[in-house]
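Peer 1: I'd like to ask you about the structure that follows.
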Protein chains: 2
Amino acid sequence: MKYFVTGAAGFIGSTLVDRLLGLGHSVVGFDNFSTGQERFLETANQSAKFRLVPGDILDINAISSALEGCDTVFHLAANADVRNGWMHPQKDLQQNTIGTFNVLEAMRKAGVRRIAFSSTGSVYGEALVTAATPTQEDAAFPVQTSLYGASKLAGEGLISAYAEGGQIDEAYIFRFVSILGERYTHGHVFDFYRQLRENPESLTVLGNGTQKKSYLYVGDCINAILHATGNHLAAKAKHHTSVFNLGTREFVEVNDSIRIICDELGVKPRLQYTGGDRGWIGDNPFIFLSAERMRGSGWSPSLSIEEGVRTTVRWLQNNQWVYEARTGQ
Amino acid sequence: MKYFVTGAAGFIGSTLVDRLLGLGHSVVGFDNFSTGQERFLETANQSAKFRLVPGDILDINAISSALEGCDTVFHLAANADVRNGWMHPQKDLQQNTIGTFNVLEAMRKAGVRRIAFSSTGSVYGEALVTAATPTQEDAAFPVQTSLYGASKLAGEGLISAYAEGGQIDEAYIFRFVSILGERYTHGHVFDFYRQLRENPESLTVLGNGTQKKSYLYVGDCINAILHATGNHLAAKAKHHTSVFNLGTREFVEVNDSIRIICDELGVKPRLQYTGGDRGWIGDNPFIFLSAERMRGSGWSPSLSIEEGVRTTVRWLQNNQWVYEARTGQ
């Protein structure tokens with residue numbers, strides 16, 4: 001098999017590339033290095049089966065020529081800056097919607113008929129959720145509350161329309177909770193650790209700290225993607241499209257993450273809350289996805305949220321260069 | 001009040017323009033005349049309160065300058081060619097998603113904070129529906145089955161994200177069944193009448209004729225839009241976004257429409273079915289929306305589907321020029 005990975009130099013993308021190469025596959029990696037890191041591809045670049053193509057998913061011709069001869073696309077390239085969407089409202093539309101369209105059109109022209117897409121729990125907007133009832137894939141039709149969620153949902157819609165239109169044989173849509181682990185460069189834990197390495201005495205927390213969030217370890221995320229695609233679950237799915245939430249059976253409050261991070265680092269900062277039940281416009285105060293559909297197919301995560309957070313903090317401690325690099329933060 | 005209407009020279013747009021002018025409002029009409037008709041604006045053009053601005057919603061500067069001084073946008077401009085989406089896959093994305101983004105950005109820059117959007121029941125994909133259970137606005141999260149539906153859903157998502165992001169005070173999303181009536185230039189009844197005026201002896205029907213479709217009279221559609229916006233229903237809605245299905249409490253089979261059309265015309269053609277339960281890729285064999293949410297606010301339609309079809313056929317008989325005009329068919 002020859003795989004095409006967009007966002008190949010990113011956190012999840014580069015981890016997927018290494019895994020695919022480890023399994024003996026050929027991989028073409030595509031990345032515009034807007035937030036991706038050359039260093040994440042150091043291992044991959046040592047493999048004769050890896051080819052890196054620098055390029056932007058807004059350039060359909062670049063995708064088309066790089067895609068030649070591949071049989072499956074893992075489309076991970078995205079603008080994942082949920083929080084600052086209003087600083088550049090067209091970035092989500094361009095990178096997450098138009099970019100996805102370009103990938104699909106390039107696939108159509110090249111005759112590539114399998115795609116896996118990294119979507120997000122943000123597409124559920126503010127779905128009704130309780131500790132006992134996490135959000136399922138067939139939740140009530142949501143109202144979008146962020147440009148990021150809206151742009152990813154638009155990408156999902158394009159992919160399934162292509163599948164229903166006979167242009168794609170297998171479409172996989174994975175709605176992620178926040179992913180963390182080695183090479184993590186974006187999100188709560190990243191931000192908290194940045195503050196604490198600058199000043200271990202004080203930590204500013206957006207909102208009141210009781211926002212409930214969910215995390216999944218990157219290795220478990222990639223296991224799920226490879227499990228679903230490897231077993232061709234979408235081939236028999238209605239509309240040739242499989243939609244899977246990915247997450248654990250837990251959630252944590254922001255305050256819990258802080259406790260774990262501080263414990264791992266052995267620091268006791270003074271906490272300063274900005275207040276309110278949301279960290280920013282469009283922030284969802286309770287994200288908890290049911291991944292029972294994915295579990296039903298035989299997958300389950302190996303790390304708890306706490307283990308994932310600790311792994312992440314240890315990696316950040318050993319890789320503080322990411323705070324000097326351009327990571328989209 | 002000064003209203004901005006995109007797609008002002010279209011079927012629904014021009015009817016809305018005439019209604020707004022009749023109510024004494026000022027209206028700026030915006031249209032690229034790709035499918036709109038100058039003749040539909042003959043009445044409007046006689047009003048001192050109407051200003052027509054030819055322009056495309058892909059040109060954000062054109063929108064911005066035309067929008068100056070307006071307080072509400074009725075965004076009806078769209079590519080509505082559901083059936084032939086695969087002949088030009090980027091048209092839906094451009095006109096229905098990127099165009100909507102441009103309208104929103106122009107509004108943001110101009111400080112215009114109310115928008116009503118013509119969406120579609122196609123966003124429900126193939127929702128489970130029976131005669132007793134029409135599709136409700138909070139149906140299970142659907143899988144998109146057409147480029148048209150996907151592009152309109154993307155437009156919806158952008159609008160609600162703008163509302164949640166504090167950029168818009170009132171967002172109205174109307175999911176239409178097929179609209180018909182005077183100035184109708186697009187859809188089943190249009191196509192059947194075209195065939196019958198060329199040859200009253202024979203009629204080709206895509207699919208097996210048992211597809212169940214829903215129609216709403218254009219006057220009732222506009223009543224609903226003006227009722228919801230006039231009563232500022234979205235001002236108090238969650239996320240400042242109101243979503244309303246629009247339709248009657250009935251549906252008809254394609255064969256029923258044919259019977260009504262033939263009866264109205266006094267013809268008895270030989271029917272030739274192309275077969276299968278779908279007329280085209282992405283065709284939905286059962287479209288029936290619950291408009292009870294909208295009814296609950298005090299609106300109800302005045303014409304039955306049969307009355308709407310008969311009105312439409314009579315208008316087409318008296319306006320056969322539309323078959324020579326470029327109408328997107």
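Simple scheme: letters A, B, ... for chains in structure tokens order, numbers from 1 for residues in each chain, numbers from 1 for ligands in the order shown.
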Just asking: which residues within stretch 8-194 of chain B are alpha helix (DSSP H) according to DSSP, as an MDAnalysis selection string?

Peer 2: chainID B and resid 11:22 60:67 89:92 99:110 147:164 188:194

Peer 1: Per residue of chain B within 6 Å of chain A, note the shortest atom pair and the distance in Å to one decimal, counting only C-alpha atoms, and order the rows by chain and increasing residue number, as a tab-separated table.

Peer 2:
```
residue	atom	partner	partner_atom	distance
B:Asp138	CA	A:Phe141	CA	4.9
B:Ala139	CA	A:Ala140	CA	5.5
B:Ala140	CA	A:Ala140	CA	4.6
B:Phe141	CA	A:Phe141	CA	4.3
B:Gln144	CA	A:Gly157	CA	5.1
B:Thr145	CA	A:Ala161	CA	4.5
B:Ser146	CA	A:Ala161	CA	4.8
B:Leu147	CA	A:Ala161	CA	5.5
B:Ala150	CA	A:Gly157	CA	4.7
B:Ala154	CA	A:Ala154	CA	4.7
B:Gly157	CA	A:Ala150	CA	4.7
B:Leu158	CA	A:Ala150	CA	5.8
B:Ser160	CA	A:Gln144	CA	5.6
B:Ala161	CA	A:Thr145	CA	4.5
B:Glu164	CA	A:Thr145	CA	5.4
B:Gly165	CA	A:Ile281	CA	5.9
B:Ile281	CA	A:Gly165	CA	6.0
```

Peer 1: For atom CA of B:Gly219 and atom CA of B:Arg194, quote the distance in Å rounded to one decimal.

Peer 2: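 A separation of 23.2 Å between them.
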
Peer 1: How far is it from atom CA of A:Arg19 to atom CA of A:Val218, in Å with one decimal?

Peer 2: 11.4 Å

Peer 1: Just want the 10 Å neighbourhood of A:Asn245, counted on only C-alpha atoms, with same-chain residues fewer than 5 positions away dropped. Output as JSON, numbers by chain.

Peer 2: {"A": [119, 120, 121, 135, 136, 137, 173, 174, 175, 176, 177, 224, 288, 289, 290, 291, 292, 293, 294, 295]}

Peer 1: Go ahead and write the residues just picked, N, CA and C atoms, as a compact mmCIF listing (two decimals), in the first residue's frame.

Peer 2:
```txt
# COMPACT_ATOMS: atom_id res chain seq x y z
N SER A 119 -11.56 14.88 11.76
CA SER A 119 -12.55 15.90 12.13
C SER A 119 -12.47 16.11 13.64
N THR A 120 -13.50 16.62 14.22
CA THR A 120 -13.40 17.09 15.60
C THR A 120 -14.74 17.03 16.32
N GLY A 121 -14.69 16.82 17.62
CA GLY A 121 -15.88 16.91 18.43
C GLY A 121 -16.50 18.30 18.40
N THR A 135 -21.64 12.48 24.04
CA THR A 135 -22.20 12.75 22.70
C THR A 135 -21.94 11.59 21.75
N GLN A 136 -23.01 11.10 21.14
CA GLN A 136 -22.86 10.03 20.14
C GLN A 136 -22.82 10.61 18.73
N GLU A 137 -22.39 9.78 17.80
CA GLU A 137 -22.25 10.24 16.42
C GLU A 137 -23.58 10.68 15.83
N ILE A 173 -14.46 9.27 8.69
CA ILE A 173 -14.46 10.56 9.37
C ILE A 173 -14.29 10.30 10.85
N PHE A 174 -13.19 10.81 11.41
CA PHE A 174 -12.90 10.62 12.83
C PHE A 174 -13.10 11.93 13.56
N ARG A 175 -14.01 11.92 14.51
CA ARG A 175 -14.24 13.13 15.31
C ARG A 175 -13.45 12.99 16.61
N PHE A 176 -12.36 13.76 16.67
CA PHE A 176 -11.42 13.65 17.78
C PHE A 176 -11.86 14.49 18.97
N VAL A 177 -11.58 14.00 20.17
CA VAL A 177 -11.42 14.89 21.32
C VAL A 177 -10.02 15.50 21.16
N ALA A 224 -6.74 3.64 16.30
CA ALA A 224 -8.13 3.64 15.85
C ALA A 224 -8.23 3.87 14.35
N PHE A 288 -17.36 15.70 25.80
CA PHE A 288 -17.25 14.30 26.22
C PHE A 288 -17.93 13.47 25.14
N LEU A 289 -17.13 12.77 24.36
CA LEU A 289 -17.67 12.00 23.23
C LEU A 289 -17.77 10.52 23.57
N SER A 290 -18.84 9.91 23.11
CA SER A 290 -18.94 8.45 23.20
C SER A 290 -18.18 7.83 22.04
N ALA A 291 -17.21 6.97 22.35
CA ALA A 291 -16.47 6.27 21.30
C ALA A 291 -16.90 4.79 21.26
N GLU A 292 -18.12 4.54 21.71
CA GLU A 292 -18.58 3.14 21.79
C GLU A 292 -18.72 2.51 20.41
N ARG A 293 -19.05 3.33 19.40
CA ARG A 293 -19.15 2.78 18.04
C ARG A 293 -17.80 2.22 17.61
N MET A 294 -16.75 2.98 17.86
CA MET A 294 -15.40 2.54 17.49
C MET A 294 -14.98 1.34 18.35
N ARG A 295 -15.29 1.39 19.64
CA ARG A 295 -14.96 0.26 20.51
C ARG A 295 -15.66 -1.01 20.03
```

Peer 1: Mind checking which residues fall within 12 Å of stretch 264-273 of chain B, counting only C-alpha atoms, ignoring those fewer than 6 positions away in the same chain, and posting them as a VMD selection string?

Peer 2: chain B and resid 189 192 to 193 195 to 211 254 to 255 257 to 258 279 306 to 317

Peer 1: Could you check how far atom CA of B:Leu233 sits from atom CA of B:Gly111, in Å to one decimal?

Peer 2: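 So the two atoms, atom CA of B:Leu233 and atom CA of B:Gly111, lie 20.1 Å apart.
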
Peer 1: Neighbouring residues of B:Leu76 were defined as those with any atom within 6 Å, considering only C-alpha atoms; residues of the same chain fewer than 3 positions away were excluded. Please report them as a CSV table (one decimal) with N, CA and C atoms, in the first residue's frame.

Peer 2:
```
chain,number,residue,atom,x,y,z
B,6,THR,N,-29.7,39.2,-1.7
B,6,THR,CA,-28.9,38.5,-2.7
B,6,THR,C,-29.7,37.6,-3.5
B,7,GLY,N,-29.4,37.4,-4.8
B,7,GLY,CA,-30.2,36.6,-5.6
B,7,GLY,C,-31.5,37.3,-5.9
B,118,SER,N,-31.5,31.1,3.0
B,118,SER,CA,-32.3,30.1,2.3
B,118,SER,C,-31.5,28.8,2.3
```

Peer 1: Near B:Ile115, counting only C-alpha atoms, which residues have an atom at most 10 Å away, once you skip same-chain residues fewer than 4 positions from it, shown as a count of residues only?

Peer 2: 22

Peer 1: Going by DSSP on the backbone, which bits of stretch 51-105 of chain B are strand (DSSP E)? Write them as an mmCIF file with C-alpha atoms, in the first residue's frame, please.

Peer 2:
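Saved the output as out-v8.cif:
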```
data_model
loop_
_atom_site.group_PDB
_atom_site.id
_atom_site.type_symbol
_atom_site.label_atom_id
_atom_site.label_comp_id
_atom_site.auth_asym_id
_atom_site.auth_seq_id
_atom_site.Cartn_x
_atom_site.Cartn_y
_atom_site.Cartn_z
ATOM 1 C CA ARG B 51 -31.776 49.854 -6.183
ATOM 2 C CA LEU B 52 -30.345 47.045 -8.273
ATOM 3 C CA VAL B 53 -26.641 46.276 -7.988
ATOM 4 C CA PRO B 54 -25.386 43.712 -10.490
ATOM 5 C CA THR B 72 -30.869 43.156 7.301
ATOM 6 C CA VAL B 73 -29.609 40.681 4.701
ATOM 7 C CA PHE B 74 -31.787 38.120 2.957
ATOM 8 C CA HIS B 75 -29.163 35.823 1.486
#
```

Peer 1: What's the 12 Å shell around B:Ser65, counting only C-alpha atoms, without same-chain residues fewer than 2 positions away, as a list in words?

Peer 2: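 In the requested format, the answer is Phe4, Val28, Phe30, Val53, Pro54, Gly55, Ile57, Asp59, Ile60, Asn61, Ala62, Ile63, Leu67, Glu68, Gly69, Cys70, Val103, Ala106, Met107, Lys109 and Ala110 of chain B.
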
Peer 1: Using only C-alpha atoms for the distances, tell me which of A:Ala66, A:Val82, A:Leu58, A:Val27 is nearest to A:Thr100.

Peer 2: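 That would be A:Leu58, the residue with the smallest distance to A:Thr100.
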